[in-house]
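Data block for query22.txt (compact mmCIF, N, CA and C atoms):
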# COMPACT_ATOMS: atom_id res chain seq x y z
N MET A 125 -17.04 -2.92 18.45
CA MET A 125 -16.10 -3.74 17.71
C MET A 125 -15.37 -2.84 16.70
N PRO A 126 -14.05 -2.96 16.59
CA PRO A 126 -13.28 -2.11 15.69
C PRO A 126 -13.68 -2.31 14.23
N ASN A 127 -13.42 -1.28 13.44
CA ASN A 127 -13.62 -1.38 12.00
C ASN A 127 -12.30 -1.78 11.35
N TYR A 128 -12.40 -2.55 10.30
CA TYR A 128 -11.22 -3.00 9.58
C TYR A 128 -11.35 -2.56 8.14
N SER A 129 -10.19 -2.36 7.50
CA SER A 129 -10.17 -1.87 6.13
C SER A 129 -9.57 -2.90 5.19
N LYS A 130 -9.97 -2.80 3.94
CA LYS A 130 -9.40 -3.64 2.90
C LYS A 130 -7.89 -3.41 2.86
N HIS A 131 -7.14 -4.48 2.74
CA HIS A 131 -5.68 -4.50 2.68
C HIS A 131 -5.00 -4.33 4.04
N ASP A 132 -5.78 -4.33 5.13
CA ASP A 132 -5.16 -4.37 6.46
C ASP A 132 -4.47 -5.72 6.64
N ILE A 133 -3.28 -5.70 7.19
CA ILE A 133 -2.60 -6.93 7.61
C ILE A 133 -2.99 -7.13 9.06
N ILE A 134 -3.59 -8.28 9.36
CA ILE A 134 -4.12 -8.52 10.70
C ILE A 134 -3.59 -9.84 11.25
N LEU A 135 -3.65 -9.98 12.56
CA LEU A 135 -3.44 -11.27 13.20
C LEU A 135 -4.81 -11.82 13.54
N VAL A 136 -5.06 -13.05 13.13
CA VAL A 136 -6.37 -13.65 13.31
C VAL A 136 -6.22 -15.11 13.69
N ARG A 137 -7.18 -15.58 14.48
CA ARG A 137 -7.22 -17.03 14.75
C ARG A 137 -7.70 -17.67 13.47
N TYR A 138 -6.79 -18.35 12.82
CA TYR A 138 -6.97 -18.82 11.45
C TYR A 138 -7.15 -20.33 11.43
N PRO A 139 -8.24 -20.81 10.85
CA PRO A 139 -8.45 -22.27 10.79
C PRO A 139 -7.61 -22.92 9.69
N PHE A 140 -7.12 -24.12 9.94
CA PHE A 140 -6.48 -24.88 8.88
C PHE A 140 -7.55 -25.24 7.85
N SER A 141 -7.14 -25.46 6.60
CA SER A 141 -8.11 -25.70 5.54
C SER A 141 -8.94 -26.96 5.79
N ASP A 142 -8.41 -27.92 6.55
CA ASP A 142 -9.20 -29.12 6.85
C ASP A 142 -10.02 -28.96 8.14
N LEU A 143 -9.97 -27.75 8.74
CA LEU A 143 -10.72 -27.39 9.95
C LEU A 143 -10.37 -28.25 11.16
N SER A 144 -9.20 -28.89 11.14
CA SER A 144 -8.79 -29.75 12.25
C SER A 144 -8.31 -28.96 13.46
N ALA A 145 -7.86 -27.73 13.24
CA ALA A 145 -7.36 -26.89 14.32
C ALA A 145 -7.25 -25.46 13.81
N SER A 146 -6.76 -24.58 14.65
CA SER A 146 -6.54 -23.20 14.23
C SER A 146 -5.29 -22.67 14.90
N LYS A 147 -4.80 -21.55 14.38
CA LYS A 147 -3.57 -20.97 14.87
C LYS A 147 -3.63 -19.46 14.61
N VAL A 148 -3.00 -18.67 15.46
CA VAL A 148 -2.96 -17.23 15.21
C VAL A 148 -1.92 -16.97 14.13
N ARG A 149 -2.37 -16.36 13.04
CA ARG A 149 -1.53 -16.16 11.86
C ARG A 149 -1.80 -14.78 11.26
N PRO A 150 -0.82 -14.24 10.54
CA PRO A 150 -1.08 -12.99 9.81
C PRO A 150 -1.86 -13.28 8.53
N THR A 151 -2.76 -12.41 8.20
CA THR A 151 -3.55 -12.50 6.98
C THR A 151 -3.78 -11.09 6.46
N VAL A 152 -4.37 -11.00 5.28
CA VAL A 152 -4.72 -9.71 4.70
C VAL A 152 -6.22 -9.69 4.45
N ILE A 153 -6.87 -8.61 4.82
CA ILE A 153 -8.29 -8.45 4.52
C ILE A 153 -8.44 -8.12 3.04
N VAL A 154 -9.31 -8.86 2.35
CA VAL A 154 -9.53 -8.61 0.92
C VAL A 154 -10.95 -8.14 0.64
N SER A 155 -11.77 -8.03 1.67
CA SER A 155 -13.15 -7.57 1.46
C SER A 155 -13.26 -6.07 1.67
N ALA A 156 -14.17 -5.48 0.92
CA ALA A 156 -14.48 -4.06 1.09
C ALA A 156 -15.34 -3.89 2.35
N PRO A 157 -15.40 -2.69 2.89
CA PRO A 157 -16.26 -2.47 4.06
C PRO A 157 -17.69 -2.94 3.79
N HIS A 158 -18.28 -3.58 4.80
CA HIS A 158 -19.60 -4.17 4.65
C HIS A 158 -20.21 -4.27 6.04
N PRO A 159 -21.54 -4.16 6.16
CA PRO A 159 -22.15 -4.26 7.49
C PRO A 159 -22.03 -5.63 8.14
N SER A 160 -21.69 -6.65 7.39
CA SER A 160 -21.53 -7.99 7.94
C SER A 160 -20.42 -8.02 8.98
N GLN A 161 -20.51 -8.93 9.92
CA GLN A 161 -19.46 -9.12 10.92
C GLN A 161 -18.36 -10.04 10.40
N ASP A 162 -18.49 -10.52 9.17
CA ASP A 162 -17.51 -11.42 8.57
C ASP A 162 -16.54 -10.66 7.67
N LEU A 163 -15.30 -11.12 7.64
CA LEU A 163 -14.27 -10.56 6.77
C LEU A 163 -13.79 -11.64 5.82
N PHE A 164 -13.50 -11.27 4.59
CA PHE A 164 -12.81 -12.16 3.66
C PHE A 164 -11.32 -11.87 3.84
N ILE A 165 -10.55 -12.94 4.02
CA ILE A 165 -9.11 -12.79 4.22
C ILE A 165 -8.36 -13.73 3.29
N THR A 166 -7.12 -13.39 3.03
CA THR A 166 -6.22 -14.30 2.32
C THR A 166 -5.00 -14.52 3.20
N PRO A 167 -4.49 -15.74 3.25
CA PRO A 167 -3.40 -16.04 4.18
C PRO A 167 -2.05 -15.49 3.75
N LEU A 168 -1.20 -15.29 4.74
CA LEU A 168 0.19 -14.96 4.52
C LEU A 168 1.03 -16.13 5.03
N THR A 169 2.20 -16.34 4.43
CA THR A 169 3.05 -17.45 4.83
C THR A 169 4.52 -17.05 4.78
N SER A 170 5.30 -17.68 5.64
CA SER A 170 6.75 -17.48 5.58
C SER A 170 7.41 -18.52 4.69
N LYS A 171 6.64 -19.46 4.18
CA LYS A 171 7.16 -20.48 3.26
C LYS A 171 7.16 -19.89 1.86
N ILE A 172 8.27 -19.28 1.50
CA ILE A 172 8.32 -18.51 0.26
C ILE A 172 8.93 -19.28 -0.91
N ASN A 173 9.33 -20.51 -0.69
CA ASN A 173 9.84 -21.35 -1.78
C ASN A 173 8.66 -22.04 -2.46
N SER A 174 8.77 -22.26 -3.73
CA SER A 174 7.75 -22.99 -4.50
C SER A 174 6.38 -22.33 -4.44
N LEU A 175 6.33 -21.04 -4.68
CA LEU A 175 5.05 -20.34 -4.70
C LEU A 175 4.26 -20.73 -5.95
N LEU A 176 2.95 -20.81 -5.80
CA LEU A 176 2.06 -21.13 -6.91
C LEU A 176 1.74 -19.87 -7.70
N ALA A 177 1.15 -20.04 -8.86
CA ALA A 177 0.77 -18.91 -9.70
C ALA A 177 -0.12 -17.95 -8.91
N GLY A 178 0.23 -16.68 -8.96
CA GLY A 178 -0.54 -15.65 -8.26
C GLY A 178 -0.04 -15.39 -6.85
N GLU A 179 0.72 -16.30 -6.27
CA GLU A 179 1.30 -16.07 -4.95
C GLU A 179 2.56 -15.22 -5.13
N PHE A 180 2.85 -14.36 -4.16
CA PHE A 180 4.00 -13.47 -4.31
C PHE A 180 4.51 -13.03 -2.94
N ILE A 181 5.80 -12.70 -2.91
CA ILE A 181 6.42 -12.20 -1.69
C ILE A 181 6.11 -10.71 -1.56
N LEU A 182 5.68 -10.31 -0.39
CA LEU A 182 5.41 -8.89 -0.15
C LEU A 182 6.69 -8.09 -0.30
N SER A 183 6.62 -6.99 -1.03
CA SER A 183 7.80 -6.16 -1.26
C SER A 183 8.17 -5.34 -0.02
N ASN A 184 7.21 -5.14 0.85
CA ASN A 184 7.38 -4.25 1.99
C ASN A 184 7.14 -4.98 3.31
N TRP A 185 7.47 -6.27 3.38
CA TRP A 185 7.10 -7.08 4.54
C TRP A 185 7.71 -6.55 5.84
N LYS A 186 8.96 -6.15 5.81
CA LYS A 186 9.62 -5.69 7.04
C LYS A 186 8.99 -4.38 7.54
N GLU A 187 8.78 -3.45 6.64
CA GLU A 187 8.18 -2.17 7.00
C GLU A 187 6.73 -2.33 7.44
N SER A 188 6.11 -3.44 7.05
CA SER A 188 4.72 -3.72 7.42
C SER A 188 4.59 -4.41 8.77
N GLY A 189 5.70 -4.56 9.49
CA GLY A 189 5.65 -5.13 10.82
C GLY A 189 5.76 -6.65 10.88
N LEU A 190 6.10 -7.28 9.76
CA LEU A 190 6.26 -8.74 9.74
C LEU A 190 7.72 -9.08 10.03
N ASN A 191 7.96 -10.17 10.72
CA ASN A 191 9.30 -10.50 11.20
C ASN A 191 10.22 -11.11 10.15
N ILE A 192 9.65 -11.79 9.16
CA ILE A 192 10.46 -12.44 8.13
C ILE A 192 9.78 -12.26 6.78
N ALA A 193 10.53 -12.56 5.72
CA ALA A 193 9.96 -12.46 4.37
C ALA A 193 8.65 -13.25 4.34
N THR A 194 7.64 -12.62 3.78
CA THR A 194 6.29 -13.17 3.84
C THR A 194 5.63 -13.09 2.47
N ALA A 195 4.92 -14.14 2.13
CA ALA A 195 4.23 -14.20 0.84
C ALA A 195 2.73 -14.29 1.03
N VAL A 196 2.01 -13.76 0.05
CA VAL A 196 0.56 -13.95 -0.03
C VAL A 196 0.34 -15.35 -0.56
N LYS A 197 -0.51 -16.09 0.11
CA LYS A 197 -0.81 -17.49 -0.24
C LYS A 197 -2.17 -17.56 -0.91
N ARG A 198 -2.30 -18.44 -1.86
CA ARG A 198 -3.57 -18.61 -2.56
C ARG A 198 -4.62 -19.12 -1.58
N GLY A 199 -5.76 -18.45 -1.57
CA GLY A 199 -6.87 -18.86 -0.72
C GLY A 199 -7.63 -17.65 -0.24
N VAL A 200 -8.91 -17.82 -0.07
CA VAL A 200 -9.76 -16.79 0.52
C VAL A 200 -10.66 -17.47 1.53
N TYR A 201 -10.68 -16.93 2.72
CA TYR A 201 -11.45 -17.51 3.82
C TYR A 201 -12.32 -16.44 4.44
N THR A 202 -13.36 -16.87 5.10
CA THR A 202 -14.25 -15.97 5.82
C THR A 202 -14.06 -16.18 7.31
N VAL A 203 -13.82 -15.09 8.04
CA VAL A 203 -13.70 -15.17 9.49
C VAL A 203 -14.56 -14.07 10.12
N HIS A 204 -15.03 -14.34 11.31
CA HIS A 204 -15.78 -13.35 12.07
C HIS A 204 -14.81 -12.31 12.63
N LYS A 205 -15.24 -11.06 12.66
CA LYS A 205 -14.39 -9.98 13.16
C LYS A 205 -13.88 -10.24 14.57
N SER A 206 -14.62 -11.01 15.35
CA SER A 206 -14.21 -11.27 16.73
C SER A 206 -12.94 -12.13 16.81
N LEU A 207 -12.55 -12.77 15.70
CA LEU A 207 -11.35 -13.60 15.68
C LEU A 207 -10.07 -12.79 15.43
N VAL A 208 -10.23 -11.50 15.13
CA VAL A 208 -9.07 -10.65 14.88
C VAL A 208 -8.44 -10.24 16.22
N PHE A 209 -7.13 -10.48 16.34
CA PHE A 209 -6.41 -10.09 17.55
C PHE A 209 -5.95 -8.65 17.46
N LYS A 210 -5.39 -8.27 16.31
CA LYS A 210 -4.95 -6.88 16.13
C LYS A 210 -4.62 -6.61 14.68
N VAL A 211 -4.57 -5.32 14.35
CA VAL A 211 -4.12 -4.86 13.04
C VAL A 211 -2.62 -4.61 13.16
N ILE A 212 -1.85 -5.19 12.24
CA ILE A 212 -0.40 -4.98 12.23
C ILE A 212 -0.06 -3.74 11.42
N ASP A 213 -0.60 -3.65 10.21
CA ASP A 213 -0.31 -2.54 9.30
C ASP A 213 -1.22 -2.69 8.11
N GLN A 214 -0.86 -2.05 7.00
CA GLN A 214 -1.62 -2.17 5.76
C GLN A 214 -0.64 -2.41 4.62
N LEU A 215 -1.09 -3.15 3.59
CA LEU A 215 -0.25 -3.38 2.41
C LEU A 215 0.10 -2.05 1.77
N ASN A 216 1.32 -1.96 1.21
CA ASN A 216 1.64 -0.78 0.42
C ASN A 216 0.89 -0.87 -0.91
N THR A 217 0.93 0.20 -1.67
CA THR A 217 0.16 0.27 -2.92
C THR A 217 0.56 -0.81 -3.91
N ALA A 218 1.86 -1.06 -4.07
CA ALA A 218 2.32 -2.07 -5.04
C ALA A 218 1.82 -3.46 -4.65
N ASP A 219 1.93 -3.82 -3.36
CA ASP A 219 1.46 -5.13 -2.93
C ASP A 219 -0.06 -5.24 -3.01
N ALA A 220 -0.76 -4.16 -2.69
CA ALA A 220 -2.23 -4.17 -2.79
C ALA A 220 -2.65 -4.39 -4.25
N ASN A 221 -1.98 -3.73 -5.17
CA ASN A 221 -2.30 -3.91 -6.60
C ASN A 221 -1.99 -5.34 -7.05
N GLN A 222 -0.86 -5.89 -6.60
CA GLN A 222 -0.52 -7.27 -6.96
C GLN A 222 -1.55 -8.25 -6.40
N LEU A 223 -2.01 -8.00 -5.17
CA LEU A 223 -3.03 -8.86 -4.57
C LEU A 223 -4.32 -8.81 -5.38
N GLU A 224 -4.72 -7.65 -5.82
CA GLU A 224 -5.93 -7.53 -6.63
C GLU A 224 -5.79 -8.33 -7.92
N GLU A 225 -4.62 -8.25 -8.56
CA GLU A 225 -4.37 -9.04 -9.78
C GLU A 225 -4.43 -10.54 -9.47
N SER A 226 -3.84 -10.94 -8.36
CA SER A 226 -3.84 -12.35 -7.98
C SER A 226 -5.26 -12.85 -7.74
N LEU A 227 -6.06 -12.07 -7.06
CA LEU A 227 -7.45 -12.46 -6.80
C LEU A 227 -8.22 -12.65 -8.10
N ARG A 228 -8.04 -11.72 -9.04
CA ARG A 228 -8.71 -11.87 -10.35
C ARG A 228 -8.24 -13.14 -11.05
N TYR A 229 -6.95 -13.43 -10.98
CA TYR A 229 -6.40 -14.64 -11.60
C TYR A 229 -6.99 -15.89 -10.95
N TRP A 230 -6.96 -15.95 -9.61
CA TRP A 230 -7.44 -17.13 -8.88
C TRP A 230 -8.92 -17.39 -9.14
N PHE A 231 -9.70 -16.33 -9.26
CA PHE A 231 -11.15 -16.50 -9.47
C PHE A 231 -11.54 -16.48 -10.94
N GLY A 232 -10.56 -16.29 -11.82
CA GLY A 232 -10.87 -16.28 -13.26
C GLY A 232 -11.71 -15.09 -13.66
N LEU A 233 -11.48 -13.95 -13.07
CA LEU A 233 -12.27 -12.74 -13.37
C LEU A 233 -11.58 -11.84 -14.35
In structure tokens, what does this structure look like?
Amino acid sequence: MPNYSKHDIILVRYPFSDLSASKVRPTVIVSAPHPSQDLFITPLTSKINSLLAGEFILSNWKESGLNIATAVKRGVYTVHKSLVFKVIDQLNTADANQLEESLRYWFGL
């Protein structure tokens, strides 16, 4: 099974928050390397209007292989590595730093 890195942008079979269905969606890995087969991810969205506190539009979305302007969405989910379809790219340094700030804000750290 492939190894994945923190801040990788991946395509994953992503469950809806109510667990009613799932869809292949881009997400970002937010967990550090760990022997577990599970990854912590945060969702990405093309719905960039009305972003909540801590959500932000990626500054480098096009260069990162995404088709349209994309924002980091509030939320952290756990998925098994087997649900990853492929790695698209990795966040640039500025977006990775913004994501770290957002995670601290969302979790009150």
Exercise. Would you mind listing what lies within 8 Å of region 154-171 of chain A as a list in words, with only C-alpha atoms counted and same-chain residues fewer than 5 positions away left out?
Key: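 The neighbour list is Tyr128, Ser129, Lys130, His131, Arg149, Ile192, Ala193, Thr194, Ala195, Val196, Lys197, Arg198, Gly199, Val200, Tyr201, Thr202, Val203, His204 and Lys205 of chain A.
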Exercise. Write down as an MDAnalysis selection string the residues belonging to chain A that are assigned strand (DSSP E or B) by DSSP computed on the backbone.
Key: chainID A and resid 132:139 146:153 162:169 180:181 195:196 201:204 208:214
Residues just named, written with N, CA and C atoms as an mmCIF file, in the coordinates of the input:
data_model
loop_
_atom_site.group_PDB
_atom_site.id
_atom_site.type_symbol
_atom_site.label_atom_id
_atom_site.label_comp_id
_atom_site.auth_asym_id
_atom_site.auth_seq_id
_atom_site.Cartn_x
_atom_site.Cartn_y
_atom_site.Cartn_z
ATOM 1 N N ASP A 132 -5.780 -4.330 5.130
ATOM 2 C CA ASP A 132 -5.160 -4.370 6.460
ATOM 3 C C ASP A 132 -4.470 -5.720 6.640
ATOM 4 N N ILE A 133 -3.280 -5.700 7.190
ATOM 5 C CA ILE A 133 -2.600 -6.930 7.610
ATOM 6 C C ILE A 133 -2.990 -7.130 9.060
ATOM 7 N N ILE A 134 -3.590 -8.280 9.360
ATOM 8 C CA ILE A 134 -4.120 -8.520 10.700
ATOM 9 C C ILE A 134 -3.590 -9.840 11.250
ATOM 10 N N LEU A 135 -3.650 -9.980 12.560
ATOM 11 C CA LEU A 135 -3.440 -11.270 13.200
ATOM 12 C C LEU A 135 -4.810 -11.820 13.540
ATOM 13 N N VAL A 136 -5.060 -13.050 13.130
ATOM 14 C CA VAL A 136 -6.370 -13.650 13.310
ATOM 15 C C VAL A 136 -6.220 -15.110 13.690
ATOM 16 N N ARG A 137 -7.180 -15.580 14.480
ATOM 17 C CA ARG A 137 -7.220 -17.030 14.750
ATOM 18 C C ARG A 137 -7.700 -17.670 13.470
ATOM 19 N N TYR A 138 -6.790 -18.350 12.820
ATOM 20 C CA TYR A 138 -6.970 -18.820 11.450
ATOM 21 C C TYR A 138 -7.150 -20.330 11.430
ATOM 22 N N PRO A 139 -8.240 -20.810 10.850
ATOM 23 C CA PRO A 139 -8.450 -22.270 10.790
ATOM 24 C C PRO A 139 -7.610 -22.920 9.690
ATOM 25 N N SER A 146 -6.760 -24.580 14.650
ATOM 26 C CA SER A 146 -6.540 -23.200 14.230
ATOM 27 C C SER A 146 -5.290 -22.670 14.900
ATOM 28 N N LYS A 147 -4.800 -21.550 14.380
ATOM 29 C CA LYS A 147 -3.570 -20.970 14.870
ATOM 30 C C LYS A 147 -3.630 -19.460 14.610
ATOM 31 N N VAL A 148 -3.000 -18.670 15.460
ATOM 32 C CA VAL A 148 -2.960 -17.230 15.210
ATOM 33 C C VAL A 148 -1.920 -16.970 14.130
ATOM 34 N N ARG A 149 -2.370 -16.360 13.040
ATOM 35 C CA ARG A 149 -1.530 -16.160 11.860
ATOM 36 C C ARG A 149 -1.800 -14.780 11.260
ATOM 37 N N PRO A 150 -0.820 -14.240 10.540
ATOM 38 C CA PRO A 150 -1.080 -12.990 9.810
ATOM 39 C C PRO A 150 -1.860 -13.280 8.530
ATOM 40 N N THR A 151 -2.760 -12.410 8.200
ATOM 41 C CA THR A 151 -3.550 -12.500 6.980
ATOM 42 C C THR A 151 -3.780 -11.090 6.460
ATOM 43 N N VAL A 152 -4.370 -11.000 5.280
ATOM 44 C CA VAL A 152 -4.720 -9.710 4.700
ATOM 45 C C VAL A 152 -6.220 -9.690 4.450
ATOM 46 N N ILE A 153 -6.870 -8.610 4.820
ATOM 47 C CA ILE A 153 -8.290 -8.450 4.520
ATOM 48 C C ILE A 153 -8.440 -8.120 3.040
ATOM 49 N N ASP A 162 -18.490 -10.520 9.170
ATOM 50 C CA ASP A 162 -17.510 -11.420 8.570
ATOM 51 C C ASP A 162 -16.540 -10.660 7.670
ATOM 52 N N LEU A 163 -15.300 -11.120 7.640
ATOM 53 C CA LEU A 163 -14.270 -10.560 6.770
ATOM 54 C C LEU A 163 -13.790 -11.640 5.820
ATOM 55 N N PHE A 164 -13.500 -11.270 4.590
ATOM 56 C CA PHE A 164 -12.810 -12.160 3.660
ATOM 57 C C PHE A 164 -11.320 -11.870 3.840
ATOM 58 N N ILE A 165 -10.550 -12.940 4.020
ATOM 59 C CA ILE A 165 -9.110 -12.790 4.220
ATOM 60 C C ILE A 165 -8.360 -13.730 3.290
ATOM 61 N N THR A 166 -7.120 -13.390 3.030
ATOM 62 C CA THR A 166 -6.220 -14.300 2.320
ATOM 63 C C THR A 166 -5.000 -14.520 3.200
ATOM 64 N N PRO A 167 -4.490 -15.740 3.250
ATOM 65 C CA PRO A 167 -3.400 -16.040 4.180
ATOM 66 C C PRO A 167 -2.050 -15.490 3.750
ATOM 67 N N LEU A 168 -1.200 -15.290 4.740
ATOM 68 C CA LEU A 168 0.190 -14.960 4.520
ATOM 69 C C LEU A 168 1.030 -16.130 5.030
ATOM 70 N N THR A 169 2.200 -16.340 4.430
ATOM 71 C CA THR A 169 3.050 -17.450 4.830
ATOM 72 C C THR A 169 4.520 -17.050 4.780
ATOM 73 N N PHE A 180 2.850 -14.360 -4.160
ATOM 74 C CA PHE A 180 4.000 -13.470 -4.310
ATOM 75 C C PHE A 180 4.510 -13.030 -2.940
ATOM 76 N N ILE A 181 5.800 -12.700 -2.910
ATOM 77 C CA ILE A 181 6.420 -12.200 -1.690
ATOM 78 C C ILE A 181 6.110 -10.710 -1.560
ATOM 79 N N ALA A 195 4.920 -14.140 2.130
ATOM 80 C CA ALA A 195 4.230 -14.200 0.840
ATOM 81 C C ALA A 195 2.730 -14.290 1.030
ATOM 82 N N VAL A 196 2.010 -13.760 0.050
ATOM 83 C CA VAL A 196 0.560 -13.950 -0.030
ATOM 84 C C VAL A 196 0.340 -15.350 -0.560
ATOM 85 N N TYR A 201 -10.680 -16.930 2.720
ATOM 86 C CA TYR A 201 -11.450 -17.510 3.820
ATOM 87 C C TYR A 201 -12.320 -16.440 4.440
ATOM 88 N N THR A 202 -13.360 -16.870 5.100
ATOM 89 C CA THR A 202 -14.250 -15.970 5.820
ATOM 90 C C THR A 202 -14.060 -16.180 7.310
ATOM 91 N N VAL A 203 -13.820 -15.090 8.040
ATOM 92 C CA VAL A 203 -13.700 -15.170 9.490
ATOM 93 C C VAL A 203 -14.560 -14.070 10.120
ATOM 94 N N HIS A 204 -15.030 -14.340 11.310
ATOM 95 C CA HIS A 204 -15.780 -13.350 12.070
ATOM 96 C C HIS A 204 -14.810 -12.310 12.630
ATOM 97 N N VAL A 208 -10.230 -11.500 15.130
ATOM 98 C CA VAL A 208 -9.070 -10.650 14.880
ATOM 99 C C VAL A 208 -8.440 -10.240 16.220
ATOM 100 N N PHE A 209 -7.130 -10.480 16.340
ATOM 101 C CA PHE A 209 -6.410 -10.090 17.550
ATOM 102 C C PHE A 209 -5.950 -8.650 17.460
ATOM 103 N N LYS A 210 -5.390 -8.270 16.310
ATOM 104 C CA LYS A 210 -4.950 -6.880 16.130
ATOM 105 C C LYS A 210 -4.620 -6.610 14.680
ATOM 106 N N VAL A 211 -4.570 -5.320 14.350
ATOM 107 C CA VAL A 211 -4.120 -4.860 13.040
ATOM 108 C C VAL A 211 -2.620 -4.610 13.160
ATOM 109 N N ILE A 212 -1.850 -5.190 12.240
ATOM 110 C CA ILE A 212 -0.400 -4.980 12.230
ATOM 111 C C ILE A 212 -0.060 -3.740 11.420
ATOM 112 N N ASP A 213 -0.600 -3.650 10.210
ATOM 113 C CA ASP A 213 -0.310 -2.540 9.300
ATOM 114 C C ASP A 213 -1.220 -2.690 8.110
ATOM 115 N N GLN A 214 -0.860 -2.050 7.000
ATOM 116 C CA GLN A 214 -1.620 -2.170 5.760
ATOM 117 C C GLN A 214 -0.640 -2.410 4.620
#
Self-check item: Atomic distance atom N of Asn184 (chain A) - atom C of Ala218 (chain A), expressed in Å with one decimal
Solution: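 Atom N of Asn184 (chain A) sits 7.9 Å away from atom C of Ala218 (chain A).
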Quiz item: Which residue out of A:Ser146, A:Asn216, A:Ser206, A:Asn127 has the minimum interatomic distance to Ser183 (chain A) when all atoms listed in the file are used?
Solution: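 Smallest distance to Ser183 (chain A) is found for A:Asn216.
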Self-check item: Between CA of Ser226 (chain A) and atom N of Gly178 (chain A) - distance in Å to one decimal
Solution: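 Atom-to-atom, atom N of Gly178 (chain A) and CA of Ser226 (chain A) are spaced 6.0 Å apart.
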Quiz prompt | DSSP-assigned helix (DSSP H, G or I) members of chain A, reported as a PyMOL selection string | solution = chain A and resi 205-207+217-231
Quiz item: So which one's closest to Val136 (chain A), A:Leu207, A:Leu182, A:Leu176, A:Asn191? Using all atoms listed in the file, please.
Solution: A:Leu207
Self-check item: Computed interatomic separation between atom C of Phe209 (chain A) and atom C of Leu190 (chain A) (Å)
Solution: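 Value for the atom C of Phe209 (chain A)-atom C of Leu190 (chain A) distance: 15.6 Å.
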Edge lengths and centre in Å, axis-aligned, region 208-216 of chain A plus 8 Å each side, as lines of an AutoDock Vina configuration file:
center_x = -4.3
center_y = -6.1
center_z = 8.3
size_x = 27.9
size_y = 26.7
size_z = 34.5
Quiz item: Quick one: of A:Leu175, A:Ile212, A:Ile181, A:Leu233, who's nearest to Val152 (chain A), counting only C-alpha atoms?
Solution: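 Between A:Leu175, A:Ile212, A:Ile181, A:Leu233, the residue approaching Val152 (chain A) most closely is A:Ile212.
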